[in-house]
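Asker: First, the structure itself, so that you have it in front of you.
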Amino acid sequence: MTNAPLTEIWVYLAASPLLWLTATLVCYLAALKVYRLGGESPLLNPVAIAVALLIGLLKLTGTAYQTYFDGAQFVHFLLGPATVALAIPLYRQRERLRSLALPILIALLVGVVAAALSAVGIGVLCGADPVTLISLAPKSTTTPVAMGISEKLGGLPSLTAVLVVSTGIVGAVFGPGLLRLLKCHDDAVKGFAMGLSAHGIGTARAFQMSPVMGAFSGLAMALSAFATALILPPLLRWVGLTG
């Protein structure tokens, strides 16, 4: 008798598109609170915690991912405007950008090729099949672009999405520490490295550390998406993964 009204309420709420949008925001705010209470430790990355909370909630309620996405897709829509908005802090660094044009171009080309080949190489060593290898290749590119490339080349877009988010979280957690270990002190260089390797999640972490770092991370994220779309198809043909 007690559970019946609760079940009816849940069925009603689950039909509302605002439920999963609200759940996403609440999970992220809770994760952000944990992150701040933990002294903003990179190990308590709010994106990783929010993802874990949402997965637990979907499992607990038996909700399909497509149902969740239908309700929370407004967040996905905001990725476009948020990416465009990154041009504002970058514009403020335009003088520095001009002086670093050649190093940025070289780092971009090397970074895109190294990210793809290292992922494929590790996959080969682990015995992954060709479809998985193709899905792995664009893992350092922002999610919408990576999924499009993966689908076009014969990979699994859903697997690529998981790998992209995992790459971003790992980069945001361990990237700043690794850069300190390498004695890299220039915020522009650190930001470009974060955006090139950890795309949007790395860029969010970079903005928390420095506006300059965030601006160059946003630049790297945008340029790497464009460069990966151009370079990856012929690169995978060269290594024999695609026809």
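Chain labels run A, B, ... following the order of the structure tokens; each chain numbers its residues from 1, and ligands are numbered from 1 in the order shown.
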Skipping near chain neighbours, those fewer than 5 positions away, what residues fall within 8 Å of range 52-69 of chain A using only C-alpha atoms, listed as a compact mmCIF listing (two decimals) with all heavy atoms, in the first residue's frame?
Answerer:
# COMPACT_ATOMS: atom_id res chain seq x y z
N TRP A 20 15.16 14.83 -15.81
CA TRP A 20 16.55 14.44 -15.97
C TRP A 20 17.47 15.64 -16.16
O TRP A 20 18.65 15.58 -15.82
CB TRP A 20 16.69 13.44 -17.12
CG TRP A 20 15.97 12.18 -16.79
CD1 TRP A 20 14.84 11.69 -17.35
CD2 TRP A 20 16.32 11.28 -15.73
NE1 TRP A 20 14.45 10.53 -16.73
CE2 TRP A 20 15.35 10.25 -15.74
CE3 TRP A 20 17.34 11.23 -14.79
CZ2 TRP A 20 15.37 9.20 -14.83
CZ3 TRP A 20 17.38 10.17 -13.89
CH2 TRP A 20 16.40 9.17 -13.91
N ALA A 23 17.91 16.52 -12.57
CA ALA A 23 18.78 15.54 -11.93
C ALA A 23 20.24 15.78 -12.31
O ALA A 23 21.15 15.67 -11.46
CB ALA A 23 18.37 14.13 -12.35
N THR A 24 20.49 16.14 -13.58
CA THR A 24 21.86 16.43 -14.03
C THR A 24 22.44 17.62 -13.27
O THR A 24 23.58 17.57 -12.79
CB THR A 24 21.87 16.71 -15.54
OG1 THR A 24 21.33 15.58 -16.23
CG2 THR A 24 23.29 16.98 -16.03
N CYS A 27 23.04 16.70 -9.54
CA CYS A 27 24.22 15.83 -9.38
C CYS A 27 25.51 16.64 -9.54
O CYS A 27 26.48 16.43 -8.79
CB CYS A 27 24.19 14.69 -10.40
SG CYS A 27 22.99 13.40 -10.01
Asker: What lies within 8 Å of Leu21 in chain A using only C-alpha atoms, ignoring chain neighbours under 3 positions off, as number ranges by chain?
Answerer: A: 17-18, 24-25, 71-75
Asker: Write the residues of the selection above to a file with N, CA, C and O atoms, as a PDB file, in the first residue's frame.
Answerer:
ATOM      1  N   PRO A  17      10.113  15.824 -19.136  1.00  0.00           N
ATOM      2  CA  PRO A  17      11.456  16.050 -19.695  1.00  0.00           C
ATOM      3  C   PRO A  17      12.362  16.850 -18.761  1.00  0.00           C
ATOM      4  O   PRO A  17      13.576  16.807 -18.908  1.00  0.00           O
ATOM      5  N   LEU A  18      11.764  17.579 -17.807  1.00  0.00           N
ATOM      6  CA  LEU A  18      12.567  18.389 -16.898  1.00  0.00           C
ATOM      7  C   LEU A  18      13.216  17.562 -15.789  1.00  0.00           C
ATOM      8  O   LEU A  18      14.139  18.035 -15.139  1.00  0.00           O
ATOM      9  N   THR A  24      20.494  16.144 -13.578  1.00  0.00           N
ATOM     10  CA  THR A  24      21.859  16.430 -14.027  1.00  0.00           C
ATOM     11  C   THR A  24      22.443  17.622 -13.275  1.00  0.00           C
ATOM     12  O   THR A  24      23.585  17.575 -12.788  1.00  0.00           O
ATOM     13  N   LEU A  25      21.656  18.682 -13.164  1.00  0.00           N
ATOM     14  CA  LEU A  25      22.128  19.881 -12.469  1.00  0.00           C
ATOM     15  C   LEU A  25      22.360  19.608 -10.983  1.00  0.00           C
ATOM     16  O   LEU A  25      23.354  20.060 -10.411  1.00  0.00           O
ATOM     17  N   GLY A  71      15.537  13.806 -21.864  1.00  0.00           N
ATOM     18  CA  GLY A  71      15.197  14.808 -20.862  1.00  0.00           C
ATOM     19  C   GLY A  71      16.299  15.825 -20.623  1.00  0.00           C
ATOM     20  O   GLY A  71      16.027  16.987 -20.299  1.00  0.00           O
ATOM     21  N   ALA A  72      17.550  15.390 -20.769  1.00  0.00           N
ATOM     22  CA  ALA A  72      18.689  16.261 -20.430  1.00  0.00           C
ATOM     23  C   ALA A  72      19.389  16.825 -21.657  1.00  0.00           C
ATOM     24  O   ALA A  72      20.470  17.404 -21.535  1.00  0.00           O
ATOM     25  N   GLN A  73      18.800  16.693 -22.829  1.00  0.00           N
ATOM     26  CA  GLN A  73      19.499  17.081 -24.054  1.00  0.00           C
ATOM     27  C   GLN A  73      19.742  18.587 -24.160  1.00  0.00           C
ATOM     28  O   GLN A  73      20.565  19.032 -24.962  1.00  0.00           O
ATOM     29  N   PHE A  74      19.049  19.389 -23.345  1.00  0.00           N
ATOM     30  CA  PHE A  74      19.308  20.826 -23.362  1.00  0.00           C
ATOM     31  C   PHE A  74      20.752  21.118 -22.962  1.00  0.00           C
ATOM     32  O   PHE A  74      21.375  22.047 -23.475  1.00  0.00           O
ATOM     33  N   VAL A  75      21.299  20.310 -22.045  1.00  0.00           N
ATOM     34  CA  VAL A  75      22.703  20.460 -21.652  1.00  0.00           C
ATOM     35  C   VAL A  75      23.598  20.190 -22.852  1.00  0.00           C
ATOM     36  O   VAL A  75      24.591  20.889 -23.087  1.00  0.00           O
TER      37      VAL A  75
END
Asker: From a DSSP pass on the backbone, collect the residues of range 4-223 of chain A flagged as alpha helix (DSSP H) and hand them back as a count of residues only.
Answerer: 183
Asker: For Thr242 in chain A, which residue among A:Lys152, A:Asp187, A:Leu163, A:Leu181 is the nearest when counting only C-alpha atoms?
Answerer: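 Ranking A:Lys152, A:Asp187, A:Leu163, A:Leu181 by distance to Thr242 in chain A, first place goes to A:Lys152.
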Asker: Looking at A:Ile49, A:Ala220, A:Leu153, A:Cys126, which one is nearest to Val173 in chain A, with distances taken over only C-alpha atoms?
Answerer: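 Looking only at the distances to Val173 in chain A, the closest residue turns out to be A:Ile49.
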Asker: Residues near Pro130 in chain A, anyone? I mean within 9 Å using only C-alpha atoms, not counting same-chain ones fewer than 5 positions away, as a PyMOL selection string.
Answerer: chain A and resi 124+135+155+241-242
Asker: Which one of A:Thr160, A:Ser41, A:Thr22, A:Ser118 sits closest to Pro176 in chain A if you count only C-alpha atoms?
Answerer: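 Checking each candidate against Pro176 in chain A, we get A:Ser41 as the closest.
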Asker: Measure the distance from CA of Ala87 in chain A to CA of Pro211 in chain A in Å and round it to one decimal.
Answerer: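 Computing the Euclidean distance for CA of Ala87 in chain A and CA of Pro211 in chain A yields 12.2 Å.
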Asker: Excluding Ala119 in chain A and its own-chain neighbours fewer than 6 positions away, which residues fall within 8 Å of it when counting only C-alpha atoms? Please give them as a list in words.
Answerer: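 Listed by chain and then number, they are Leu133, Leu136, Ala137 and Lys139 of chain A.
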Asker: Here is a test: counting only C-alpha atoms, which residue of A:Gly200, A:Phe192, A:Val239, A:Leu156 is nearest to Ile106 in chain A?
Answerer: A:Phe192
Asker: If I take CA of Leu32 in chain A and CA of Val170 in chain A, how far is one from the other in Å, to one decimal?
Answerer: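 CA of Leu32 in chain A sits 17.2 Å away from CA of Val170 in chain A.
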Asker: Between CA of Gln208 in chain A and CA of Gly175 in chain A, what is the spacing in Å?
Answerer: 13.1 Å
Asker: List as a PyMOL selection string the protein and nucleic acid residues near Ala85 in chain A, meaning an atom at most 12 Å away when only C-alpha atoms are counted, but skip any in the same chain fewer than 5 places from it.
Answerer: chain A and resi 78-80+90-91+214-215+218-219+222
Asker: For Ser166 in chain A, please output as a PyMOL selection string all residues within 12 Å (counting only C-alpha atoms; exclusion window: fewer than 3 positions along the same chain).
Answerer: chain A and resi 45+47-48+51-52+136+139-143+159-163+169-173+197-202
Asker: Have a look at A:Ile231, A:Val189, A:Met221, A:Arg205 and name the one nearest to Leu97 in chain A; count only C-alpha atoms.
Answerer: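 Nearest to Leu97 in chain A: A:Val189.
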